[in-house]
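Pasting start_22.cif here (mmCIF, C-alpha atoms):
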```
data_model
loop_
_atom_site.label_atom_id
_atom_site.label_comp_id
_atom_site.auth_asym_id
_atom_site.auth_seq_id
_atom_site.Cartn_x
_atom_site.Cartn_y
_atom_site.Cartn_z
CA MET A 63 -4.14 -26.49 22.40
CA PHE A 64 -6.30 -23.41 23.03
CA THR A 65 -3.21 -21.28 23.75
CA ASN A 66 -1.62 -22.48 20.49
CA LEU A 67 -4.74 -21.57 18.51
CA GLU A 68 -4.88 -18.18 20.21
CA ALA A 69 -1.24 -17.55 19.37
CA GLU A 70 -1.82 -18.55 15.74
CA LEU A 71 -4.87 -16.28 15.46
CA ILE A 72 -2.90 -13.37 16.90
CA ALA A 73 -0.12 -14.13 14.43
CA LEU A 74 -2.72 -14.20 11.61
CA ALA A 75 -4.10 -10.81 12.71
CA GLN A 76 -0.56 -9.42 12.79
CA VAL A 77 0.20 -10.82 9.35
CA ILE A 78 -3.00 -9.38 7.87
CA ALA A 79 -2.32 -5.98 9.46
CA ILE A 80 1.30 -5.99 8.29
CA ASP A 81 0.34 -7.21 4.80
CA LEU A 82 -2.30 -4.49 4.46
CA VAL A 83 -0.03 -1.77 5.76
CA LEU A 84 3.03 -2.83 3.79
CA ALA A 85 1.03 -3.69 0.68
CA GLY A 86 -0.11 -0.10 0.37
CA ASP A 87 2.80 0.76 -1.88
CA ASN A 88 1.78 -2.12 -4.19
CA ALA A 89 -1.81 -0.93 -4.32
CA ILE A 90 -0.74 2.63 -5.12
CA VAL A 91 1.71 1.59 -7.87
CA VAL A 92 -0.88 -0.74 -9.44
CA GLY A 93 -3.51 2.00 -9.13
CA ILE A 94 -1.23 4.58 -10.81
CA ALA A 95 -0.33 2.23 -13.68
CA ALA A 96 -3.93 1.05 -14.16
CA SER A 97 -5.33 4.59 -14.18
CA ARG A 98 -3.19 5.38 -17.23
CA VAL A 99 -4.52 2.63 -19.51
CA ALA A 100 -7.84 2.43 -21.32
CA PRO A 101 -10.79 1.58 -19.04
CA GLU A 102 -11.37 -1.82 -20.61
CA LEU A 103 -7.73 -2.80 -19.92
CA ARG A 104 -7.73 -1.65 -16.32
CA ALA A 105 -9.03 -4.93 -14.84
CA ARG A 106 -6.36 -6.89 -16.70
CA VAL A 107 -3.56 -4.58 -15.53
CA ILE A 108 -4.75 -4.94 -11.94
CA PHE A 109 -5.07 -8.72 -12.29
CA TRP A 110 -1.58 -9.19 -13.72
CA GLY A 111 -0.07 -6.64 -11.34
CA ILE A 112 -1.50 -8.35 -8.27
CA ALA A 113 -0.63 -11.80 -9.67
CA ALA A 114 2.97 -10.65 -10.07
CA ALA A 115 2.99 -9.34 -6.49
CA VAL A 116 1.75 -12.70 -5.20
CA ALA A 117 4.26 -14.69 -7.26
CA LEU A 118 7.15 -12.52 -6.14
CA ARG A 119 6.12 -12.71 -2.49
CA ILE A 120 5.89 -16.51 -2.63
CA ALA A 121 9.24 -16.74 -4.41
CA PHE A 122 10.95 -14.42 -1.94
CA ALA A 123 9.29 -16.12 1.06
CA ALA A 124 10.84 -19.40 -0.07
CA ILE A 125 14.35 -17.92 0.06
CA THR A 126 13.97 -15.56 3.04
CA VAL A 127 17.05 -16.92 4.81
CA GLN A 128 19.22 -16.42 1.72
CA LEU A 129 17.80 -12.94 1.18
CA LEU A 130 18.62 -11.87 4.72
CA ALA A 131 22.25 -12.79 4.10
CA ILE A 132 22.61 -10.42 1.13
CA ILE A 133 23.95 -7.06 2.28
CA GLY A 134 22.83 -4.10 0.20
CA LEU A 135 19.64 -5.75 -1.09
CA THR A 136 17.40 -3.07 0.44
CA LEU A 137 19.62 -0.35 -1.04
CA ALA A 138 19.44 -1.95 -4.48
CA GLY A 139 15.65 -2.32 -4.15
CA GLY A 140 15.32 1.34 -3.23
CA ILE A 141 17.37 2.42 -6.24
CA LEU A 142 15.24 0.22 -8.52
CA LEU A 143 12.02 1.66 -7.10
CA LEU A 144 13.33 5.20 -7.50
CA TRP A 145 14.08 4.42 -11.14
CA VAL A 146 10.47 3.24 -11.62
CA CYS A 147 9.28 6.51 -10.04
CA TRP A 148 11.47 8.47 -12.44
CA LYS A 149 10.06 6.58 -15.45
CA MET A 150 6.49 7.21 -14.28
CA PHE A 151 7.29 10.88 -13.65
CA ARG A 152 8.63 11.33 -17.16
CA GLU A 153 5.62 9.57 -18.70
CA MET A 154 3.21 11.69 -16.69
CA ARG A 155 4.94 14.90 -17.75
CA HIS A 156 4.88 13.99 -21.43
CA GLU A 157 1.45 12.31 -21.39
CA PRO A 158 -0.45 14.14 -18.64
CA ARG A 159 -3.77 12.37 -19.31
CA ALA A 160 -3.57 8.91 -20.86
CA VAL A 161 -7.36 8.41 -20.99
CA PRO A 162 -9.77 11.30 -21.65
CA LEU A 163 -12.21 11.63 -18.77
CA GLY A 164 -15.78 10.77 -19.66
CA ALA A 165 -14.85 9.45 -23.09
CA ALA A 166 -16.44 6.28 -24.34
CA ALA A 167 -14.34 3.16 -23.83
CA VAL A 168 -11.85 2.90 -26.65
CA ALA A 169 -11.04 -0.53 -28.00
CA ALA A 170 -7.46 -1.53 -27.31
CA GLU A 171 -6.87 -2.01 -31.02
CA ASP A 172 -7.95 1.58 -31.78
CA ARG A 173 -5.51 3.18 -29.29
CA PRO A 174 -2.03 3.81 -30.59
CA GLY A 175 0.08 1.03 -29.07
CA GLY A 176 -3.02 -0.48 -27.39
CA THR A 177 -1.60 -3.89 -26.46
CA LEU A 178 1.81 -2.38 -25.69
CA GLY A 179 0.02 0.01 -23.27
CA LEU A 180 -1.19 -2.96 -21.26
CA TRP A 181 2.18 -4.73 -21.08
CA ARG A 182 4.13 -1.54 -20.47
CA ALA A 183 1.92 -0.87 -17.44
CA VAL A 184 2.31 -4.46 -16.19
CA THR A 185 6.10 -4.34 -16.67
CA GLN A 186 6.31 -1.16 -14.58
CA ILE A 187 4.32 -2.87 -11.84
CA ILE A 188 6.51 -5.99 -11.90
CA VAL A 189 9.75 -4.00 -11.70
CA ALA A 190 8.38 -1.96 -8.77
CA ASP A 191 7.05 -5.17 -7.15
CA VAL A 192 10.53 -6.70 -7.06
CA SER A 193 11.70 -3.92 -4.72
CA MET A 194 8.53 -3.63 -2.65
CA SER A 195 7.98 -7.37 -2.14
CA LEU A 196 11.38 -7.77 -0.47
CA ASP A 197 10.50 -5.52 2.45
CA ASN A 198 7.04 -7.05 2.83
CA VAL A 199 8.23 -10.65 2.85
CA LEU A 200 10.95 -10.15 5.43
CA ALA A 201 8.47 -8.49 7.80
CA VAL A 202 5.62 -10.98 7.28
CA ALA A 203 7.83 -14.07 7.55
CA GLY A 204 8.92 -12.89 10.98
CA ALA A 205 5.34 -12.27 12.14
CA ALA A 206 4.10 -15.68 10.94
CA ARG A 207 6.59 -17.41 13.22
CA GLY A 208 6.84 -20.59 11.24
CA HIS A 209 3.05 -21.10 10.90
CA THR A 210 2.83 -21.68 7.16
CA TRP A 211 -0.97 -21.58 7.05
CA VAL A 212 -0.87 -18.15 8.74
CA LEU A 213 1.50 -16.88 6.06
CA VAL A 214 -0.64 -18.28 3.25
CA ALA A 215 -3.98 -17.15 4.72
CA GLY A 216 -2.63 -13.69 5.50
CA LEU A 217 -1.25 -13.38 1.99
CA GLY A 218 -4.54 -14.51 0.45
CA ILE A 219 -6.62 -12.01 2.41
CA ALA A 220 -4.18 -9.16 1.81
CA VAL A 221 -4.03 -9.91 -1.93
CA LEU A 222 -7.81 -9.80 -2.19
CA LEU A 223 -7.98 -6.49 -0.38
CA MET A 224 -5.05 -5.15 -2.41
CA ALA A 225 -6.85 -5.97 -5.67
CA VAL A 226 -10.02 -4.21 -4.48
CA ALA A 227 -8.02 -1.23 -3.18
CA ALA A 228 -6.04 -0.91 -6.43
CA THR A 229 -9.31 -0.89 -8.39
CA TYR A 230 -10.75 1.98 -6.36
CA ILE A 231 -7.47 3.89 -6.37
CA ALA A 232 -7.18 3.48 -10.17
CA LYS A 233 -10.71 4.83 -10.65
CA LEU A 234 -10.00 7.75 -8.32
CA LEU A 235 -6.76 8.63 -10.13
CA ALA A 236 -8.44 8.34 -13.54
CA ARG A 237 -11.12 10.82 -12.44
CA PHE A 238 -8.73 13.18 -10.60
CA PRO A 239 -5.36 12.80 -12.37
CA TRP A 240 -3.48 15.34 -10.24
CA ILE A 241 -3.75 12.99 -7.22
CA THR A 242 -1.37 10.72 -9.15
CA TRP A 243 1.44 13.16 -8.33
CA ILE A 244 0.76 12.61 -4.61
CA GLY A 245 0.84 8.85 -5.12
CA LEU A 246 4.13 9.16 -6.98
CA ALA A 247 5.56 11.29 -4.17
CA ILE A 248 4.57 8.60 -1.64
CA ILE A 249 6.29 5.86 -3.67
CA ALA A 250 9.36 8.07 -4.05
CA TYR A 251 9.38 8.48 -0.25
CA VAL A 252 9.26 4.68 0.15
CA ALA A 253 12.17 4.35 -2.30
CA LEU A 254 14.26 6.95 -0.50
CA ASP A 255 13.48 5.30 2.84
CA MET A 256 14.66 1.95 1.48
CA MET A 257 17.83 3.59 0.15
CA TRP A 258 18.50 5.21 3.54
CA ARG A 259 17.99 1.98 5.49
CA GLY A 260 19.96 0.03 2.90
CA SER A 261 22.83 2.49 3.05
CA LEU A 262 22.93 2.25 6.85
CA GLU A 263 22.99 -1.53 6.54
CA VAL A 264 25.98 -1.38 4.16
CA VAL A 265 27.86 1.26 6.17
CA CYS A 266 27.28 -0.55 9.47
CA ARG A 267 29.04 -3.57 8.05
CA TYR A 268 32.29 -1.64 8.02
CA VAL A 269 31.79 0.56 11.07
CA PRO A 270 32.04 -0.70 14.71
CA PRO A 271 28.60 -1.70 16.12
CA ALA A 272 28.93 0.80 18.97
CA VAL A 273 29.03 3.64 16.43
CA CYS A 274 26.30 2.32 14.15
CA GLY A 275 22.56 2.79 14.72
CA GLU A 276 21.80 4.98 17.73
CA GLY A 277 25.51 5.43 18.34
CA LEU A 278 25.84 6.93 14.87
CA VAL A 279 22.93 9.29 15.44
CA ALA A 280 24.44 10.44 18.76
CA ALA A 281 27.87 10.89 17.11
CA VAL A 282 26.35 13.01 14.32
CA ALA A 283 24.39 15.04 16.89
CA ASP A 284 27.62 15.65 18.85
CA LEU A 285 29.40 16.79 15.68
CA LEU A 286 26.58 19.20 14.85
CA ASP A 287 26.73 20.63 18.39
CA MET B 136 -36.90 2.40 -22.62
CA ALA B 137 -36.05 4.90 -19.86
CA SER B 138 -32.37 5.83 -19.92
CA ARG B 139 -30.43 5.20 -16.69
CA ARG B 140 -28.41 8.08 -15.33
CA PRO B 141 -24.76 7.10 -15.67
CA ILE B 142 -22.82 6.98 -12.42
CA SER B 143 -19.71 8.54 -13.94
CA ASP B 144 -20.11 12.25 -14.59
CA ALA B 145 -18.12 14.27 -17.08
CA SER B 146 -16.85 16.82 -14.56
CA PRO B 147 -16.23 15.22 -11.17
CA ARG B 148 -15.84 17.60 -8.25
CA LEU B 149 -13.07 16.90 -5.78
CA GLY B 150 -14.46 19.21 -3.10
CA PRO B 151 -17.23 16.89 -1.86
CA VAL B 152 -14.85 13.90 -1.98
CA LEU B 153 -12.30 15.74 0.16
CA GLY B 154 -15.06 16.96 2.46
CA TRP B 155 -16.44 13.49 3.19
CA SER B 156 -12.91 12.05 3.49
CA GLY B 157 -12.06 14.83 5.94
CA VAL B 158 -15.10 13.92 8.05
CA VAL B 159 -14.02 10.27 8.24
CA VAL B 160 -10.39 11.24 9.04
CA ALA B 161 -11.65 13.53 11.82
CA LEU B 162 -13.82 10.71 13.23
CA ALA B 163 -10.87 8.32 13.13
CA CYS B 164 -8.64 10.86 14.91
CA ALA B 165 -11.34 11.41 17.54
CA LEU B 166 -11.56 7.66 18.11
CA LEU B 167 -7.79 7.43 18.52
CA TYR B 168 -7.85 10.41 20.91
CA LEU B 169 -10.51 8.75 23.07
CA SER B 170 -8.76 5.40 23.07
CA PRO B 171 -5.12 6.17 22.35
CA PRO B 172 -2.83 3.32 21.25
CA PRO B 173 0.94 3.33 22.03
CA ALA B 174 2.73 6.21 20.29
CA GLY B 175 4.36 3.97 17.68
CA LEU B 176 1.00 2.48 16.66
CA VAL B 177 -0.92 5.73 16.06
CA LEU B 178 -0.25 5.92 12.31
CA PRO B 179 -0.86 2.18 11.73
CA ALA B 180 -4.09 2.41 13.76
CA LEU B 181 -5.20 5.45 11.75
CA SER B 182 -4.33 3.55 8.58
CA VAL B 183 -6.41 0.53 9.58
CA LEU B 184 -9.38 2.75 10.52
CA LEU B 185 -9.27 4.62 7.21
CA LEU B 186 -8.90 1.38 5.23
CA ALA B 187 -11.80 -0.17 7.13
CA GLY B 188 -13.86 2.95 6.40
CA GLY B 189 -12.99 2.89 2.71
CA PHE B 190 -13.61 -0.82 2.23
CA GLY B 191 -16.78 -0.63 4.32
CA LEU B 192 -18.14 2.25 2.27
CA ALA B 193 -17.32 0.46 -0.99
CA ALA B 194 -18.94 -2.76 0.22
CA GLY B 195 -22.02 -0.92 1.45
CA THR B 196 -22.38 0.90 -1.87
CA TRP B 197 -21.89 -2.30 -3.88
CA LEU B 198 -24.51 -4.09 -1.77
CA ARG B 199 -26.89 -1.12 -2.25
CA LEU B 200 -27.00 -0.55 1.51
CA LEU B 201 -25.59 2.95 0.99
CA PRO B 202 -26.45 5.53 -1.68
CA GLN B 203 -24.36 5.76 -4.87
CA ARG B 204 -23.85 9.47 -4.26
CA LEU B 205 -23.24 11.30 -1.01
CA GLY B 206 -23.72 15.07 -1.15
CA GLY B 207 -22.42 15.59 -4.69
CA ALA B 208 -19.66 12.96 -4.55
CA ARG B 209 -19.67 9.40 -5.81
CA SER B 210 -19.45 6.92 -2.93
CA TYR B 211 -16.78 4.94 -4.77
CA ASP B 212 -14.65 8.10 -5.12
CA ILE B 213 -14.87 8.69 -1.37
CA ALA B 214 -13.99 5.03 -0.74
CA GLY B 215 -11.00 5.33 -3.08
CA ALA B 216 -9.83 8.49 -1.32
CA LEU B 217 -10.10 6.84 2.13
CA VAL B 218 -8.17 3.78 0.95
CA PHE B 219 -5.52 6.03 -0.62
CA LEU B 220 -5.19 8.05 2.60
CA GLY B 221 -5.09 4.86 4.68
CA PHE B 222 -2.24 3.42 2.68
CA ALA B 223 -0.42 6.77 2.69
CA ALA B 224 -0.61 6.88 6.51
CA ALA B 225 0.73 3.33 6.67
CA LEU B 226 3.62 4.03 4.33
CA VAL B 227 4.69 7.19 6.14
CA GLY B 228 4.81 5.31 9.46
CA ASP B 229 7.75 3.27 10.70
CA SER B 230 6.87 -0.35 9.89
CA ALA B 231 9.84 -1.82 11.75
CA GLN B 232 8.80 -0.08 14.96
CA THR B 233 5.18 -1.19 14.44
CA ILE B 234 6.19 -4.83 14.13
CA ALA B 235 8.45 -4.61 17.17
CA LEU B 236 5.61 -3.07 19.23
CA LEU B 237 3.13 -5.75 18.13
CA ASP B 238 5.66 -8.44 19.06
CA GLU B 239 6.12 -6.87 22.48
CA MET B 240 2.36 -6.64 23.05
CA GLN B 241 1.88 -10.24 21.99
CA ALA B 242 4.66 -11.42 24.30
CA ARG B 243 3.09 -9.52 27.19
CA GLY B 244 -0.32 -10.98 26.36
CA LEU B 245 0.94 -14.56 26.19
CA THR B 246 2.87 -14.12 29.41
CA ALA B 247 -0.24 -12.82 31.17
CA SER B 248 -2.38 -15.70 29.89
CA ALA B 249 0.29 -18.23 30.94
CA LYS B 250 0.07 -16.89 34.54
#
```
Translate the structure of the given file into structure tokens.
Amino acid sequence: MFTNLEAELIALAQVIAIDLVLAGDNAIVVGIAASRVAPELRARVIFWGIAAAVALRIAFAAITVQLLAIIGLTLAGGILLLWVCWKMFREMRHEPRAVPLGAAAVAAEDRPGGTLGLWRAVTQIIVADVSMSLDNVLAVAGAARGHTWVLVAGLGIAVLLMAVAATYIAKLLARFPWITWIGLAIIAYVALDMMWRGSLEVVCRYVPPAVCGEGLVAAVADLLD
Amino acid sequence: MASRRPISDASPRLGPVLGWSGVVVALACALLYLSPPPAGLVLPALSVLLLAGGFGLAAGTWLRLLPQRLGGARSYDIAGALVFLGFAAALVGDSAQTIALLDEMQARGLTASAK
């Protein structure tokens, strides 16, 4: 009994660590989107963004087995995330500062497209969440090892910390907008990494196992030599 | 009625924020140097330390245990920077290798306790 509890607590610690680490991309995307809306809308963007992340994780966790069977899912997720990065990049170039620093809070109704600003930000977060949640769920489900309460508790703790982190990141980006470019570069890196791993997954389906993975790296190294 | 000084200033300075964040990053690196984890867990360990520092600083400031400003920088800005850096370190690392290493460590731990 004690050994079981110890194993479950270790699994919980792993799940929390993995959730925190892998949820960083969520926190950064939510922070970027929230920093670009009016201050009084920021809390709502973060709330709906995190709620969407939770809902997607629960939905994907319920169909983990089916997800694992789909080849090319990681590649598709990476392409989707890269598209979100491109949209954010274009918006940031054309609207470099969405909210004037130090200005008094502007009522949503007074801003051009006030309510649309909120839902456009939330939509960006949801689309990015679809890609990012896939990776997170597959990793966390493995670490939980069938202990449902571990999965749920780990998710709850990570979501709480994600919401707090996104709030502080959003405030930081609103005060120092140029840091947003660094955040965008990080998310673009995550997208490209997903596309690379997804491409390997697709290619390895049609290439002999001995060549794929480390064999492929060694073969490429030989060719370069 | 006496007016309260607003926490948000009109011209925030990034220098002090980066300075304090740099100090915390250096402390975290020193801690990892003194007690080094396996190679594949260095970035995740650094990430956890920076996140703990950021959340701890934010909690301490919110509970009024720490000052609102530290040497020209808002404490919440420093906390945000540490959290941002922590997540960046986590995302740049190899998560698949991290999970595999944790699994291996857990298996070794359970095996040892079973003996």
Local residues around (3.9, 8.1, 6.3), at most 9 Å away, using only C-alpha atoms, as an NGL selection string: (:A and (248 or 251-252)) or (:B and (178 or 222-229))
Which residues fall under the PyMOL selection byres ((chain A and resi 258) around 12) in this file, as a tab-separated table (two decimals) with C-alpha atoms, in the frame of the given file?
```tsv
chain	number	residue	atom	x	y	z
A	134	GLY	CA	22.83	-4.10	0.20
A	135	LEU	CA	19.64	-5.75	-1.09
A	136	THR	CA	17.40	-3.07	0.44
A	137	LEU	CA	19.62	-0.35	-1.04
A	138	ALA	CA	19.44	-1.95	-4.48
A	139	GLY	CA	15.65	-2.32	-4.15
A	140	GLY	CA	15.32	1.34	-3.23
A	141	ILE	CA	17.37	2.42	-6.24
A	251	TYR	CA	9.38	8.48	-0.25
A	252	VAL	CA	9.26	4.68	0.15
A	253	ALA	CA	12.17	4.35	-2.30
A	254	LEU	CA	14.26	6.95	-0.50
A	255	ASP	CA	13.48	5.30	2.84
A	256	MET	CA	14.66	1.95	1.48
A	257	MET	CA	17.83	3.59	0.15
A	259	ARG	CA	17.99	1.98	5.49
A	260	GLY	CA	19.96	0.03	2.90
A	261	SER	CA	22.83	2.49	3.05
A	262	LEU	CA	22.93	2.25	6.85
A	263	GLU	CA	22.99	-1.53	6.54
A	264	VAL	CA	25.98	-1.38	4.16
A	265	VAL	CA	27.86	1.26	6.17
```
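The nearest approach to chain A among the residues B:Ala216, B:Ala187, B:Leu181, B:Ala208, with only C-alpha atoms taken into account, belongs to B:Ala216.
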Provide the atom CA of A:Val226 to atom CA of A:Arg182 distance in Å, to one decimal place. 21.5 Å
Residue among B:Leu149, B:Val159, B:Val177, B:Leu184 lying closest to chain A, counting all atoms listed in the file: B:Leu149
Write out as an MDAnalysis selection string the residues lying within 10 Å of B:Gly150, counting all atoms listed in the file and excluding same-chain residues fewer than 4 positions away. chainID B and resid 154:156 207:208
Given the PyMOL selection byres ((chain A and resi 116) around 10), the residues it picks as a list in words: Trp110, Gly111, Ile112, Ala113, Ala114, Ala115, Ala117, Leu118, Arg119, Ile120, Ala121, Phe122, Asp191, Ser195, Leu217, Gly218, Ala220 and Val221 of chain A
What's the 10 Å shell around B:Arg148, counting all atoms listed in the file, without same-chain residues fewer than 4 positions away, as a list in words? Arg237 and Phe238 of chain A; Asp144, Val152, Leu153, Gly207, Ala208 and Arg209 of chain B
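Atom CA of B:Ala214 to atom CA of B:Pro202 spans 12.5 Å [interatomic distance, one decimal].
Candidate residues A:Asn198, A:Ala124, A:Ala215, A:Leu129 were compared for distance to chain B, and the nearest is A:Asn198, using all atoms listed in the file.
Nearest residue to chain A, choosing from B:Cys164, B:Val218, B:Leu176, B:Leu198 and counting all atoms listed in the file: B:Val218.
Nearest to A:Ala73 of all the residues A:Trp145, A:Leu213, A:Val107, A:Ile90 is A:Leu213, based on all atoms listed in the file.
For the choices A:Leu103, A:Ala89, A:Met194, A:Leu74, the atom-to-atom distance to chain B is smallest for A:Ala89 when using only C-alpha atoms.
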Would you fill out stretch 98-126 of chain A with N, CA and C atoms and return it as a PDB file, keeping the file's coordinate frame?
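Result went into selection.pdb, see below:
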```pdb
ATOM      1  N   ARG A  98      -3.732   4.771 -16.017  1.00  0.00           N
ATOM      2  CA  ARG A  98      -3.190   5.380 -17.230  1.00  0.00           C
ATOM      3  C   ARG A  98      -3.398   4.514 -18.465  1.00  0.00           C
ATOM      4  N   VAL A  99      -4.182   3.424 -18.335  1.00  0.00           N
ATOM      5  CA  VAL A  99      -4.520   2.630 -19.510  1.00  0.00           C
ATOM      6  C   VAL A  99      -6.009   2.794 -19.784  1.00  0.00           C
ATOM      7  N   ALA A 100      -6.419   2.328 -20.951  1.00  0.00           N
ATOM      8  CA  ALA A 100      -7.840   2.430 -21.320  1.00  0.00           C
ATOM      9  C   ALA A 100      -8.709   1.692 -20.310  1.00  0.00           C
ATOM     10  N   PRO A 101      -9.928   2.175 -20.074  1.00  0.00           N
ATOM     11  CA  PRO A 101     -10.790   1.580 -19.040  1.00  0.00           C
ATOM     12  C   PRO A 101     -10.996   0.072 -19.186  1.00  0.00           C
ATOM     13  N   GLU A 102     -11.088  -0.392 -20.443  1.00  0.00           N
ATOM     14  CA  GLU A 102     -11.370  -1.820 -20.610  1.00  0.00           C
ATOM     15  C   GLU A 102     -10.136  -2.681 -20.333  1.00  0.00           C
ATOM     16  N   LEU A 103      -8.953  -2.052 -20.233  1.00  0.00           N
ATOM     17  CA  LEU A 103      -7.730  -2.800 -19.920  1.00  0.00           C
ATOM     18  C   LEU A 103      -7.388  -2.758 -18.419  1.00  0.00           C
ATOM     19  N   ARG A 104      -8.091  -1.895 -17.713  1.00  0.00           N
ATOM     20  CA  ARG A 104      -7.730  -1.650 -16.320  1.00  0.00           C
ATOM     21  C   ARG A 104      -7.797  -2.941 -15.479  1.00  0.00           C
ATOM     22  N   ALA A 105      -8.871  -3.706 -15.637  1.00  0.00           N
ATOM     23  CA  ALA A 105      -9.030  -4.930 -14.840  1.00  0.00           C
ATOM     24  C   ALA A 105      -7.876  -5.898 -15.103  1.00  0.00           C
ATOM     25  N   ARG A 106      -7.452  -5.973 -16.367  1.00  0.00           N
ATOM     26  CA  ARG A 106      -6.360  -6.890 -16.700  1.00  0.00           C
ATOM     27  C   ARG A 106      -5.036  -6.416 -16.101  1.00  0.00           C
ATOM     28  N   VAL A 107      -4.782  -5.114 -16.135  1.00  0.00           N
ATOM     29  CA  VAL A 107      -3.560  -4.580 -15.530  1.00  0.00           C
ATOM     30  C   VAL A 107      -3.538  -4.890 -14.037  1.00  0.00           C
ATOM     31  N   ILE A 108      -4.679  -4.675 -13.377  1.00  0.00           N
ATOM     32  CA  ILE A 108      -4.750  -4.940 -11.940  1.00  0.00           C
ATOM     33  C   ILE A 108      -4.559  -6.431 -11.668  1.00  0.00           C
ATOM     34  N   PHE A 109      -5.193  -7.269 -12.488  1.00  0.00           N
ATOM     35  CA  PHE A 109      -5.070  -8.720 -12.290  1.00  0.00           C
ATOM     36  C   PHE A 109      -3.611  -9.143 -12.411  1.00  0.00           C
ATOM     37  N   TRP A 110      -2.959  -8.754 -13.503  1.00  0.00           N
ATOM     38  CA  TRP A 110      -1.580  -9.190 -13.720  1.00  0.00           C
ATOM     39  C   TRP A 110      -0.618  -8.552 -12.720  1.00  0.00           C
ATOM     40  N   GLY A 111      -0.910  -7.314 -12.333  1.00  0.00           N
ATOM     41  CA  GLY A 111      -0.070  -6.640 -11.340  1.00  0.00           C
ATOM     42  C   GLY A 111      -0.135  -7.340  -9.989  1.00  0.00           C
ATOM     43  N   ILE A 112      -1.348  -7.676  -9.555  1.00  0.00           N
ATOM     44  CA  ILE A 112      -1.500  -8.350  -8.270  1.00  0.00           C
ATOM     45  C   ILE A 112      -0.950  -9.785  -8.354  1.00  0.00           C
ATOM     46  N   ALA A 113      -1.167 -10.435  -9.488  1.00  0.00           N
ATOM     47  CA  ALA A 113      -0.630 -11.800  -9.670  1.00  0.00           C
ATOM     48  C   ALA A 113       0.898 -11.780  -9.556  1.00  0.00           C
ATOM     49  N   ALA A 114       1.507 -10.769 -10.154  1.00  0.00           N
ATOM     50  CA  ALA A 114       2.970 -10.650 -10.070  1.00  0.00           C
ATOM     51  C   ALA A 114       3.405 -10.428  -8.633  1.00  0.00           C
ATOM     52  N   ALA A 115       2.658  -9.603  -7.896  1.00  0.00           N
ATOM     53  CA  ALA A 115       2.990  -9.340  -6.490  1.00  0.00           C
ATOM     54  C   ALA A 115       2.924 -10.632  -5.679  1.00  0.00           C
ATOM     55  N   VAL A 116       1.899 -11.438  -5.924  1.00  0.00           N
ATOM     56  CA  VAL A 116       1.750 -12.700  -5.200  1.00  0.00           C
ATOM     57  C   VAL A 116       2.903 -13.643  -5.534  1.00  0.00           C
ATOM     58  N   ALA A 117       3.192 -13.777  -6.832  1.00  0.00           N
ATOM     59  CA  ALA A 117       4.260 -14.690  -7.260  1.00  0.00           C
ATOM     60  C   ALA A 117       5.599 -14.285  -6.666  1.00  0.00           C
ATOM     61  N   LEU A 118       5.870 -13.000  -6.679  1.00  0.00           N
ATOM     62  CA  LEU A 118       7.150 -12.520  -6.140  1.00  0.00           C
ATOM     63  C   LEU A 118       7.229 -12.747  -4.638  1.00  0.00           C
ATOM     64  N   ARG A 119       6.113 -12.496  -3.937  1.00  0.00           N
ATOM     65  CA  ARG A 119       6.120 -12.710  -2.490  1.00  0.00           C
ATOM     66  C   ARG A 119       6.350 -14.173  -2.154  1.00  0.00           C
ATOM     67  N   ILE A 120       5.711 -15.071  -2.889  1.00  0.00           N
ATOM     68  CA  ILE A 120       5.890 -16.510  -2.630  1.00  0.00           C
ATOM     69  C   ILE A 120       7.341 -16.906  -2.921  1.00  0.00           C
ATOM     70  N   ALA A 121       7.864 -16.402  -4.036  1.00  0.00           N
ATOM     71  CA  ALA A 121       9.240 -16.740  -4.410  1.00  0.00           C
ATOM     72  C   ALA A 121      10.224 -16.226  -3.361  1.00  0.00           C
ATOM     73  N   PHE A 122      10.021 -14.985  -2.927  1.00  0.00           N
ATOM     74  CA  PHE A 122      10.950 -14.420  -1.940  1.00  0.00           C
ATOM     75  C   PHE A 122      10.780 -15.084  -0.580  1.00  0.00           C
ATOM     76  N   ALA A 123       9.532 -15.456  -0.227  1.00  0.00           N
ATOM     77  CA  ALA A 123       9.290 -16.120   1.060  1.00  0.00           C
ATOM     78  C   ALA A 123      10.033 -17.454   1.127  1.00  0.00           C
ATOM     79  N   ALA A 124      10.165 -18.102  -0.029  1.00  0.00           N
ATOM     80  CA  ALA A 124      10.840 -19.400  -0.070  1.00  0.00           C
ATOM     81  C   ALA A 124      12.334 -19.275   0.155  1.00  0.00           C
ATOM     82  N   ILE A 125      12.890 -18.086  -0.089  1.00  0.00           N
ATOM     83  CA  ILE A 125      14.350 -17.920   0.060  1.00  0.00           C
ATOM     84  C   ILE A 125      14.655 -16.798   1.047  1.00  0.00           C
ATOM     85  N   THR A 126      13.807 -16.657   2.075  1.00  0.00           N
ATOM     86  CA  THR A 126      13.970 -15.560   3.040  1.00  0.00           C
ATOM     87  C   THR A 126      15.346 -15.594   3.706  1.00  0.00           C
TER      88      THR A 126
END
```
